[in-house]
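target-v4.txt follows; it contains compact mmCIF, C-alpha atoms.
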# COMPACT_ATOMS: atom_id res chain seq x y z
CA MET Y 1 139.00 28.94 184.66
CA GLU Y 2 135.51 29.59 186.04
CA ARG Y 3 132.72 27.59 184.38
CA VAL Y 4 129.24 29.02 184.76
CA ILE Y 5 126.02 27.63 183.36
CA ILE Y 6 122.94 29.83 183.04
CA SER Y 7 119.33 29.09 182.16
CA GLY Y 8 117.11 32.02 181.31
CA GLY Y 9 114.69 32.46 178.48
CA GLY Y 10 111.18 32.11 177.12
CA THR Y 11 110.60 35.87 177.01
CA GLY Y 12 112.66 39.03 176.89
CA GLY Y 13 111.90 39.44 180.58
CA HIS Y 14 114.01 36.36 181.28
CA ILE Y 15 116.61 36.68 178.53
CA PHE Y 16 117.78 40.24 179.23
CA PRO Y 17 118.45 39.60 182.96
CA ALA Y 18 120.27 36.38 182.13
CA LEU Y 19 122.48 38.17 179.60
CA ALA Y 20 123.08 41.05 182.02
CA ILE Y 21 124.29 38.59 184.68
CA ALA Y 22 126.49 36.80 182.13
CA ASN Y 23 128.03 40.08 180.99
CA GLU Y 24 128.81 41.11 184.57
CA ILE Y 25 130.41 37.73 185.32
CA GLY Y 26 132.45 38.12 182.14
CA LYS Y 27 133.72 41.51 183.31
CA ARG Y 28 134.82 40.09 186.66
CA TYR Y 29 136.22 36.86 185.23
CA PRO Y 30 137.45 37.57 181.68
CA ASP Y 31 138.53 33.95 181.19
CA ALA Y 32 135.24 32.49 182.42
CA GLU Y 33 133.49 29.92 180.25
CA ILE Y 34 129.75 30.63 180.23
CA LEU Y 35 127.21 28.24 178.75
CA PHE Y 36 123.49 28.94 178.39
CA VAL Y 37 120.80 26.28 178.40
CA GLY Y 38 117.43 27.18 176.90
CA ALA Y 39 114.25 25.66 175.52
CA LEU Y 40 114.24 24.64 171.87
CA GLY Y 41 112.09 26.89 169.71
CA ARG Y 42 112.03 29.73 172.21
CA MET Y 43 113.39 33.25 171.88
CA GLU Y 44 116.62 32.57 173.76
CA MET Y 45 117.85 30.20 171.05
CA GLU Y 46 118.30 33.26 168.80
CA LYS Y 47 118.96 36.07 171.27
CA VAL Y 48 121.72 34.37 173.26
CA PRO Y 49 123.97 33.48 170.26
CA ALA Y 50 123.39 37.00 168.91
CA ALA Y 51 124.84 38.29 172.20
CA GLY Y 52 127.96 36.15 171.70
CA TYR Y 53 127.24 33.21 174.00
CA LYS Y 54 126.91 29.50 173.31
CA ILE Y 55 123.54 27.92 174.07
CA VAL Y 56 122.28 24.35 174.21
CA GLY Y 57 118.56 23.63 173.83
CA LEU Y 58 116.27 21.27 175.72
CA PRO Y 59 112.93 20.05 174.30
CA VAL Y 60 111.07 21.05 177.49
CA THR Y 61 107.75 22.92 177.21
CA GLY Y 62 105.40 24.68 179.58
CA PHE Y 63 102.95 22.77 181.77
CA PRO Y 64 99.66 22.37 179.85
CA ARG Y 65 96.64 24.10 181.37
CA LYS Y 66 94.20 21.33 180.45
CA PRO Y 67 94.50 17.53 180.57
CA GLY Y 68 94.86 15.74 177.24
CA ILE Y 69 97.42 14.69 174.65
CA LYS Y 70 99.52 17.78 175.44
CA MET Y 71 100.09 16.42 178.93
CA LEU Y 72 101.62 13.23 177.52
CA THR Y 73 103.85 15.30 175.24
CA PHE Y 74 104.87 17.50 178.17
CA VAL Y 75 105.85 14.53 180.33
CA ALA Y 76 107.82 12.86 177.51
CA ARG Y 77 109.73 16.08 176.76
CA LEU Y 78 110.36 16.74 180.44
CA LEU Y 79 111.85 13.27 180.96
CA LYS Y 80 114.05 13.71 177.90
CA SER Y 81 115.09 17.19 179.08
CA ASN Y 82 116.00 15.81 182.50
CA ARG Y 83 118.28 13.24 180.86
CA LEU Y 84 119.87 15.82 178.57
CA ALA Y 85 120.35 18.31 181.43
CA LYS Y 86 122.17 15.65 183.44
CA ARG Y 87 124.42 14.94 180.45
CA ILE Y 88 125.13 18.66 179.94
CA ILE Y 89 126.07 19.09 183.59
CA ASN Y 90 128.38 16.06 183.49
CA GLN Y 91 130.11 17.21 180.29
CA PHE Y 92 130.44 20.93 181.10
CA ASN Y 93 131.07 20.38 184.81
CA PRO Y 94 130.15 23.90 185.94
CA GLN Y 95 131.17 25.41 189.26
CA ILE Y 96 127.80 27.12 189.59
CA ALA Y 97 124.38 26.92 187.91
CA ILE Y 98 122.17 30.00 187.69
CA GLY Y 99 118.44 29.96 186.93
CA VAL Y 100 116.72 33.15 185.78
CA GLY Y 101 113.40 31.60 184.77
CA GLY Y 102 112.16 29.93 181.61
CA PHE Y 103 111.22 26.35 180.85
CA ALA Y 104 114.76 24.98 180.90
CA SER Y 105 115.61 26.19 184.41
CA GLY Y 106 113.87 23.31 186.15
CA PRO Y 107 115.71 20.39 184.52
CA LEU Y 108 119.05 22.22 184.51
CA LEU Y 109 119.14 23.36 188.13
CA ARG Y 110 117.75 20.07 189.37
CA ALA Y 111 120.54 18.18 187.58
CA ALA Y 112 123.17 20.55 188.97
CA ALA Y 113 121.88 20.38 192.54
CA ASN Y 114 121.69 16.59 192.44
CA LYS Y 115 125.40 16.54 191.58
CA GLY Y 116 126.23 18.88 194.48
CA ILE Y 117 126.93 21.91 192.28
CA PRO Y 118 125.92 25.22 193.94
CA THR Y 119 122.78 26.70 192.40
CA LEU Y 120 121.47 30.26 192.47
CA ILE Y 121 117.91 31.24 191.62
CA GLN Y 122 116.90 34.71 190.49
CA GLU Y 123 113.17 35.12 191.20
CA GLN Y 124 111.92 38.16 189.31
CA ASN Y 125 108.29 38.28 190.40
CA SER Y 126 106.52 39.21 193.61
CA TYR Y 127 104.86 35.79 193.50
CA ALA Y 128 107.12 32.75 193.21
CA GLY Y 129 106.22 30.11 190.66
CA ILE Y 130 105.98 26.40 191.38
CA THR Y 131 109.29 25.55 189.67
CA ASN Y 132 111.34 28.02 191.72
CA LYS Y 133 109.64 26.98 194.95
CA LEU Y 134 110.70 23.38 194.24
CA LEU Y 135 114.22 24.37 193.17
CA ALA Y 136 114.63 26.53 196.29
CA LYS Y 137 114.89 23.45 198.50
CA LYS Y 138 118.38 22.71 197.17
CA ALA Y 139 119.43 26.21 196.05
CA ARG Y 140 122.30 27.89 197.89
CA LYS Y 141 121.07 31.44 197.24
CA ILE Y 142 117.82 33.00 196.04
CA CYS Y 143 118.07 36.54 194.67
CA VAL Y 144 114.70 38.30 194.76
CA ALA Y 145 113.29 41.59 193.52
CA TYR Y 146 110.54 42.11 196.09
CA GLU Y 147 110.30 42.20 199.85
CA ASN Y 148 108.42 39.59 201.92
CA MET Y 149 109.52 36.67 199.73
CA GLU Y 150 110.06 34.50 202.82
CA ARG Y 151 106.44 33.51 202.17
CA TYR Y 152 107.82 31.27 199.43
CA PHE Y 153 111.49 30.65 200.19
CA PRO Y 154 113.71 29.84 203.19
CA LYS Y 155 114.56 33.18 204.77
CA ASP Y 156 118.24 32.39 205.26
CA LYS Y 157 118.73 31.84 201.52
CA ILE Y 158 117.08 35.09 200.36
CA VAL Y 159 119.04 38.12 199.16
CA LEU Y 160 117.08 41.21 198.09
CA THR Y 161 118.87 42.35 194.92
CA GLY Y 162 116.25 43.60 192.47
CA ASN Y 163 116.06 42.57 188.82
CA PRO Y 164 118.82 43.19 186.28
CA VAL Y 165 117.93 45.62 183.50
CA ARG Y 166 119.39 46.43 180.09
CA GLU Y 167 122.73 48.18 180.40
CA THR Y 168 121.64 50.97 178.05
CA LEU Y 169 119.05 52.05 180.63
CA LEU Y 170 121.58 52.28 183.44
CA ASN Y 171 123.20 55.19 181.63
CA GLN Y 172 119.87 56.70 180.57
CA SER Y 173 120.03 60.32 181.67
CA GLY Y 174 116.87 61.40 179.92
CA ASN Y 175 118.28 62.64 176.61
CA LYS Y 176 114.91 63.99 175.62
CA GLN Y 177 116.08 66.17 172.73
CA GLU Y 178 117.68 63.17 171.02
CA ALA Y 179 114.48 61.22 171.65
CA ILE Y 180 112.34 63.98 170.12
CA GLU Y 181 114.43 63.96 166.96
CA TYR Y 182 114.65 60.16 166.82
CA PHE Y 183 110.86 59.67 166.94
CA GLY Y 184 109.95 62.86 165.06
CA LEU Y 185 107.82 64.24 167.88
CA THR Y 186 106.02 67.59 167.64
CA LYS Y 187 104.33 67.59 171.08
CA PRO Y 188 107.16 66.40 173.32
CA ASP Y 189 105.44 67.38 176.58
CA LYS Y 190 102.54 64.97 176.08
CA VAL Y 191 103.97 61.66 174.94
CA ILE Y 192 102.49 58.28 175.82
CA LEU Y 193 104.62 55.18 175.23
CA ILE Y 194 102.74 51.92 174.71
CA VAL Y 195 104.68 48.64 174.88
CA GLY Y 196 103.34 45.11 175.04
CA GLY Y 197 106.62 43.22 174.97
CA SER Y 198 108.79 42.22 172.02
CA LEU Y 199 106.06 39.97 170.62
CA GLY Y 200 103.22 42.36 171.45
CA ALA Y 201 100.01 42.18 173.44
CA ARG Y 202 96.83 41.55 171.47
CA SER Y 203 94.35 43.03 173.95
CA ILE Y 204 96.34 46.25 174.36
CA ASN Y 205 96.71 46.55 170.58
CA ASN Y 206 92.99 46.01 170.10
CA ALA Y 207 92.22 48.69 172.68
CA ILE Y 208 94.37 51.15 170.73
CA LEU Y 209 92.65 50.26 167.46
CA LYS Y 210 89.22 50.79 169.04
CA ASN Y 211 90.27 54.23 170.28
CA VAL Y 212 91.95 55.64 167.16
CA SER Y 213 89.36 58.42 166.85
CA LEU Y 214 89.96 59.42 170.49
CA ILE Y 215 93.71 59.53 169.82
CA ALA Y 216 93.21 61.58 166.66
CA GLY Y 217 91.15 64.17 168.55
CA SER Y 218 93.56 64.43 171.48
CA ASP Y 219 96.57 66.68 172.00
CA VAL Y 220 98.94 63.80 172.88
CA GLU Y 221 101.50 61.92 170.83
CA ILE Y 222 101.71 58.16 171.11
CA ILE Y 223 104.70 55.90 170.45
CA TRP Y 224 103.21 52.46 169.96
CA GLN Y 225 105.22 49.25 169.85
CA THR Y 226 102.85 46.71 168.36
CA GLY Y 227 105.16 43.71 168.58
CA ALA Y 228 106.34 41.50 165.74
CA ILE Y 229 103.26 39.28 165.65
CA TYR Y 230 100.74 42.08 165.11
CA TYR Y 231 102.62 44.78 163.20
CA LYS Y 232 101.62 43.90 159.61
CA GLU Y 233 97.99 43.33 160.58
CA ILE Y 234 97.80 46.72 162.32
CA GLN Y 235 99.54 48.50 159.45
CA GLU Y 236 96.96 47.03 157.08
CA LYS Y 237 94.04 48.09 159.26
CA LEU Y 238 95.34 51.66 159.66
CA LYS Y 239 96.93 52.23 156.26
CA ASP Y 240 94.45 54.99 155.36
CA SER Y 241 93.30 56.10 158.82
CA ALA Y 242 96.31 56.35 161.15
CA PRO Y 243 96.36 59.80 162.75
CA GLY Y 244 99.54 61.83 162.59
CA ASN Y 245 100.01 61.73 166.37
CA LEU Y 246 100.20 57.92 166.41
CA HIS Y 247 103.73 56.63 165.74
CA ILE Y 248 103.57 52.90 165.00
CA HIS Y 249 106.64 50.67 165.47
CA GLU Y 250 107.07 46.91 165.21
CA PHE Y 251 109.92 46.93 167.72
CA LEU Y 252 111.77 49.64 169.63
CA SER Y 253 115.51 49.02 169.49
CA ARG Y 254 116.25 52.25 171.39
CA MET Y 255 114.22 51.75 174.55
CA ASP Y 256 116.45 54.28 176.29
CA LEU Y 257 115.16 56.99 173.94
CA ALA Y 258 111.59 55.70 174.12
CA TYR Y 259 111.63 56.05 177.90
CA ALA Y 260 113.32 59.45 177.64
CA ALA Y 261 110.53 60.68 175.38
CA ALA Y 262 107.67 59.28 177.43
CA GLY Y 263 105.56 61.23 179.87
CA ILE Y 264 103.56 58.10 180.70
CA VAL Y 265 104.16 54.42 179.89
CA ILE Y 266 101.40 51.90 179.22
CA SER Y 267 102.74 48.39 179.65
CA ARG Y 268 102.23 44.82 180.71
CA SER Y 269 103.59 44.09 184.18
CA GLY Y 270 106.24 41.47 183.64
CA ALA Y 271 109.01 41.62 186.23
CA GLY Y 272 111.70 42.88 183.86
CA THR Y 273 109.51 45.68 182.52
CA ILE Y 274 108.58 46.82 186.02
CA SER Y 275 112.24 46.95 187.01
CA GLU Y 276 112.95 49.16 184.01
CA LEU Y 277 110.04 51.46 184.84
CA CYS Y 278 111.29 51.83 188.41
CA LEU Y 279 114.74 52.71 187.14
CA VAL Y 280 113.60 55.36 184.64
CA GLY Y 281 110.99 56.67 187.09
CA LYS Y 282 108.14 57.08 184.63
CA PRO Y 283 104.45 57.24 185.59
CA ALA Y 284 103.08 53.86 184.54
CA VAL Y 285 99.70 52.43 183.66
CA LEU Y 286 100.02 48.67 184.04
CA VAL Y 287 97.79 46.17 182.26
CA PRO Y 288 98.62 42.69 183.64
CA SER Y 289 98.45 39.87 181.14
CA PRO Y 290 95.77 37.34 182.13
CA ASN Y 291 97.58 34.62 180.18
CA VAL Y 292 100.52 33.95 182.48
CA ALA Y 293 101.18 31.29 185.08
CA GLU Y 294 99.53 31.86 188.46
CA ASP Y 295 98.49 35.39 187.40
CA HIS Y 296 101.86 36.71 188.56
CA GLN Y 297 101.61 39.89 186.46
CA THR Y 298 98.58 41.04 188.45
CA LYS Y 299 100.50 40.42 191.66
CA ASN Y 300 103.47 42.40 190.29
CA ALA Y 301 101.24 45.32 189.32
CA ARG Y 302 99.36 45.23 192.61
CA ALA Y 303 102.66 45.43 194.51
CA LEU Y 304 103.27 48.81 192.83
CA ALA Y 305 99.70 50.08 192.82
CA ASP Y 306 99.37 49.49 196.56
CA LYS Y 307 102.35 51.83 197.09
CA GLY Y 308 100.96 54.55 194.83
CA ALA Y 309 103.70 53.78 192.30
CA ALA Y 310 101.53 52.82 189.31
CA ILE Y 311 97.97 52.70 188.01
CA LEU Y 312 96.51 49.21 187.49
CA VAL Y 313 93.94 48.72 184.72
CA PRO Y 314 92.58 45.15 184.42
CA ASP Y 315 92.81 43.61 180.97
CA ALA Y 316 89.06 43.02 180.91
CA VAL Y 317 88.21 46.75 180.87
CA ILE Y 318 90.97 48.26 178.76
CA ASP Y 319 88.81 48.96 175.69
CA GLU Y 320 86.76 51.46 177.68
CA LYS Y 321 89.27 52.73 180.25
CA LEU Y 322 92.87 52.48 179.10
CA LEU Y 323 93.19 55.34 176.62
CA PRO Y 324 90.64 57.77 178.17
CA GLU Y 325 92.17 57.44 181.64
CA THR Y 326 95.76 57.68 180.41
CA ILE Y 327 95.07 60.75 178.25
CA ALA Y 328 93.39 62.38 181.25
CA LEU Y 329 96.31 61.40 183.50
CA ILE Y 330 98.93 63.12 181.35
CA ASP Y 331 97.25 66.45 182.10
CA ASN Y 332 97.27 65.74 185.84
CA LYS Y 333 100.80 66.91 186.59
CA GLN Y 334 100.46 66.43 190.34
CA LYS Y 335 99.39 62.80 189.99
CA CYS Y 336 102.14 62.11 187.46
CA GLU Y 337 104.77 63.56 189.79
CA GLU Y 338 103.42 61.46 192.66
CA LEU Y 339 103.58 58.27 190.58
CA SER Y 340 107.07 59.11 189.36
CA THR Y 341 108.36 59.83 192.87
CA ASN Y 342 106.91 56.62 194.30
CA ILE Y 343 108.10 54.31 191.54
CA LYS Y 344 111.65 55.71 191.72
CA LYS Y 345 111.79 54.66 195.37
CA LEU Y 346 111.51 51.03 194.26
CA ALA Y 347 114.43 51.16 191.80
CA ARG Y 348 117.47 48.96 192.36
CA PRO Y 349 120.01 50.10 189.76
CA ASN Y 350 122.80 47.90 191.14
CA ALA Y 351 120.83 44.65 190.89
CA THR Y 352 123.13 42.98 188.37
CA GLY Y 353 126.19 43.75 190.47
CA HIS Y 354 124.57 42.48 193.64
CA ILE Y 355 123.62 39.20 191.95
CA ALA Y 356 127.16 38.85 190.61
CA ASP Y 357 128.44 39.40 194.17
CA GLU Y 358 126.43 36.36 195.27
CA VAL Y 359 127.75 34.36 192.32
CA GLU Y 360 131.31 35.29 193.33
CA LYS Y 361 130.73 34.13 196.90
CA LEU Y 362 129.52 30.74 195.67
CA LEU Y 363 132.43 30.40 193.25
CA LYS Y 364 134.87 30.97 196.12
CA GLN Y 365 133.29 28.40 198.44
Would you mind writing the file out in structure tokens?
Amino acid sequence: MERVIISGGGTGGHIFPALAIANEIGKRYPDAEILFVGALGRMEMEKVPAAGYKIVGLPVTGFPRKPGIKMLTFVARLLKSNRLAKRIINQFNPQIAIGVGGFASGPLLRAAANKGIPTLIQEQNSYAGITNKLLAKKARKICVAYENMERYFPKDKIVLTGNPVRETLLNQSGNKQEAIEYFGLTKPDKVILIVGGSLGARSINNAILKNVSLIAGSDVEIIWQTGAIYYKEIQEKLKDSAPGNLHIHEFLSRMDLAYAAAGIVISRSGAGTISELCLVGKPAVLVPSPNVAEDHQTKNARALADKGAAILVPDAVIDEKLLPETIALIDNKQKCEELSTNIKKLARPNATGHIADEVEKLLKQ
């Protein structure tokens, strides 16, 4: 029986790829035993069991940005997580350890590599983080989503696979009529989809709130995912003033239909989201989050913008530029077609399968 241990979490951008890889391994090895390792208190501790997998939590946290008491807490939790990860590896005795990002990946893959267990890293971003650069020294394979990653990793370990995406999107054939009915759209040719991640994005949400009158006077329809953190607050602020062409949702469970409906997508530029946008081939306006490690979202967005595959709007200017420029863009059919054509060229729909191929090779060694 194959025993596979996977660490991936912290955000949906890490959880969904990790689950996609686990599902593909399960298809190829129906008797495989798959164990997830996550960070206590993070999203994966709920999402992974809901998907039918067992998960063990480590107390590890992110590296604090400023010196102080949080640094002492971080070190104490890291040392404890290292001990627990070593114990988990010894007890589960996996044949391979896979890291898809998230706080727990460091302690887990380090413990596995130190015991001589093959490790595989899946680097989602165009800019490699410190943890993955350190783990790469002992990793057997490094699956990447962008070209030119030999800047960060040993060239002979790199495999260009792309990022796994949700399985529902792989079969997304643009069922626009179903999407129109699902969202109750009346202007289906001018739909803007706004997503800030499952938890939301405060600056994007604030930019929408500041431009409600512009939205009300426009001929577009907007599907707006506020995120769980901000939904009630926004509903309260707009309870008497929300225009009819602004469809407000806390969370979009049918992202396949949301993409099918959209003429343009406004989004953060996390790696998972970008992979989805490439796959569905939608014109995208990317607003990188300034609150992520090493500003990797800006680097992700720049990688697309430099190829004419997306529009980049810095977070600092979104109040003034985001909605006016996007509403103007939806009327520019030529530009939208150009963006769509270029972003489709970057899609890698078989990413999950290619990563699973590399897992298989390591299992057979």
Once you count only C-alpha atoms, what closest atom pair and distance in Å to one decimal does each residue of region 96-183 of chain Y within 8 Å of region 31-39 of chain Y have, with rows by chain and rising residue number, as a Markdown table?
| residue | atom | partner | partner_atom | distance |
| --- | --- | --- | --- | --- |
| Y:Gly102 | CA | Y:Gly38 | CA | 7.6 |
| Y:Phe103 | CA | Y:Ala39 | CA | 6.2 |
| Y:Ala104 | CA | Y:Gly38 | CA | 5.3 |
| Y:Ser105 | CA | Y:Gly38 | CA | 7.8 |
| Y:Leu108 | CA | Y:Val37 | CA | 7.5 |
If you take only C-alpha atoms and a cut-off of 12 Å, which residues of region 74-147 of chain Y touch region 339-355 of chain Y, and what are their nearest atom pairs and distances in Å to one decimal, in chain and number order, as CSV?
residue,atom,partner,partner_atom,distance
Y:Ile98,CA,Y:Ile355,CA,10.2
Y:Gly99,CA,Y:Ile355,CA,11.7
Y:Val100,CA,Y:Ile355,CA,11.1
Y:Leu120,CA,Y:Ile355,CA,9.2
Y:Ile121,CA,Y:Ile355,CA,9.8
Y:Gln122,CA,Y:Ile355,CA,8.2
Y:Glu123,CA,Y:Ile355,CA,11.2
Y:Gln124,CA,Y:Ala351,CA,11.1
Y:Lys141,CA,Y:Ile355,CA,9.7
Y:Ile142,CA,Y:Ile355,CA,9.4
Y:Cys143,CA,Y:Ile355,CA,6.7
Y:Val144,CA,Y:Ile355,CA,9.4
Y:Ala145,CA,Y:Ala351,CA,8.6
Y:Tyr146,CA,Y:Leu346,CA,9.2
Y:Glu147,CA,Y:Leu346,CA,10.5
* Using only C-alpha atoms, which residues sit within 8 Å of Ala356 (chain Y) once same-chain residues fewer than 4 positions away are excluded, as number ranges by chain? -> Y: 21, 24-25, 352, 360
* Could you pull the residues within 9 Å of region 188-196 of chain Y, counting all atoms listed in the file, minus those fewer than 4 positions along the same chain, as a VMD selection string? -> chain Y and resid 176 to 177 180 200 to 202 204 to 205 219 to 227 252 258 to 259 261 to 268 326 to 327 330 to 331
Go ahead and dump the residues you just picked, C-alpha atoms, as a PDB file, in the frame of the given file.
ATOM      1  CA  LYS Y 176     114.910  63.990 175.620  1.00  0.00           C
ATOM      2  CA  GLN Y 177     116.080  66.170 172.730  1.00  0.00           C
ATOM      3  CA  ILE Y 180     112.340  63.980 170.120  1.00  0.00           C
ATOM      4  CA  GLY Y 200     103.220  42.360 171.450  1.00  0.00           C
ATOM      5  CA  ALA Y 201     100.010  42.180 173.440  1.00  0.00           C
ATOM      6  CA  ARG Y 202      96.830  41.550 171.470  1.00  0.00           C
ATOM      7  CA  ILE Y 204      96.340  46.250 174.360  1.00  0.00           C
ATOM      8  CA  ASN Y 205      96.710  46.550 170.580  1.00  0.00           C
ATOM      9  CA  ASP Y 219      96.570  66.680 172.000  1.00  0.00           C
ATOM     10  CA  VAL Y 220      98.940  63.800 172.880  1.00  0.00           C
ATOM     11  CA  GLU Y 221     101.500  61.920 170.830  1.00  0.00           C
ATOM     12  CA  ILE Y 222     101.710  58.160 171.110  1.00  0.00           C
ATOM     13  CA  ILE Y 223     104.700  55.900 170.450  1.00  0.00           C
ATOM     14  CA  TRP Y 224     103.210  52.460 169.960  1.00  0.00           C
ATOM     15  CA  GLN Y 225     105.220  49.250 169.850  1.00  0.00           C
ATOM     16  CA  THR Y 226     102.850  46.710 168.360  1.00  0.00           C
ATOM     17  CA  GLY Y 227     105.160  43.710 168.580  1.00  0.00           C
ATOM     18  CA  LEU Y 252     111.770  49.640 169.630  1.00  0.00           C
ATOM     19  CA  ALA Y 258     111.590  55.700 174.120  1.00  0.00           C
ATOM     20  CA  TYR Y 259     111.630  56.050 177.900  1.00  0.00           C
ATOM     21  CA  ALA Y 261     110.530  60.680 175.380  1.00  0.00           C
ATOM     22  CA  ALA Y 262     107.670  59.280 177.430  1.00  0.00           C
ATOM     23  CA  GLY Y 263     105.560  61.230 179.870  1.00  0.00           C
ATOM     24  CA  ILE Y 264     103.560  58.100 180.700  1.00  0.00           C
ATOM     25  CA  VAL Y 265     104.160  54.420 179.890  1.00  0.00           C
ATOM     26  CA  ILE Y 266     101.400  51.900 179.220  1.00  0.00           C
ATOM     27  CA  SER Y 267     102.740  48.390 179.650  1.00  0.00           C
ATOM     28  CA  ARG Y 268     102.230  44.820 180.710  1.00  0.00           C
ATOM     29  CA  THR Y 326      95.760  57.680 180.410  1.00  0.00           C
ATOM     30  CA  ILE Y 327      95.070  60.750 178.250  1.00  0.00           C
ATOM     31  CA  ILE Y 330      98.930  63.120 181.350  1.00  0.00           C
ATOM     32  CA  ASP Y 331      97.250  66.450 182.100  1.00  0.00           C
TER      33      ASP Y 331
END
* Structure fact -> Judged by only C-alpha atoms, the minimum distance to Ala271 (chain Y) among Y:Ser241, Y:Gln95, Y:Asn132, Y:Thr298 is found for Y:Thr298
* For CA of Gly68 (chain Y) and CA of Asp295 (chain Y), determine how far apart the two atoms are, in Å to one decimal place. =>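 Computing the Euclidean distance for CA of Gly68 (chain Y) and CA of Asp295 (chain Y) yields 22.4 Å.
Using all atoms listed in the file, the shortest contact distance between Lys54 (chain Y) and any of Y:Ser7, Y:Thr131, Y:Ser81, Y:Asn291 is found at Y:Ser7.
If you measure from each of Y:Ile6, Y:Val287, Y:Leu169, Y:Met71 to Ile96 (chain Y) using all atoms listed in the file, the closest one turns out to be Y:Ile6.
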* To do: List the neighbours of Asn125 (chain Y) out to 12 Å using all atoms listed in the file; skip same-chain residues closer than 6 positions along the sequence, and give me the result as number ranges by chain.
  => Y: 13-14, 100-101, 132, 143-149, 152, 162-163, 269-275, 292-304
* Any idea what's packed within 8 Å of region 208-213 of chain Y, counting all atoms listed in the file, ignoring anything in its chain fewer than 4 positions away? Could you give it as an MDAnalysis selection string? -> chainID Y and resid 204 217 242:243 319 323
* To do: Could you tell me which of Y:Val285, Y:Pro67, Y:Lys335, Y:Glu358 comes closest to Thr161 (chain Y) if we count only C-alpha atoms?
  => Y:Glu358
* Asked: Of the candidates Y:Gly184, Y:Pro49, Y:Pro30, Y:Gly106, which one gets nearest to His247 (chain Y) if we count only C-alpha atoms?
  ->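 Looking only at the distances to His247 (chain Y), the closest residue turns out to be Y:Gly184.
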* Asked: Which is closer to Arg110 (chain Y) than all the others in Y:Pro290, Y:Ala207, Y:Gly244, Y:Ala97, using only C-alpha atoms?
  -> Y:Ala97
* What is the distance between CA of Lys157 (chain Y) and CA of Arg140 (chain Y), in Å to one decimal? -> 6.4 Å
* Asked: CA of Arg42 (chain Y) and CA of Pro314 (chain Y), how far apart in Å?
  ->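 Atom-to-atom, CA of Pro314 (chain Y) and CA of Arg42 (chain Y) are spaced 27.7 Å apart.
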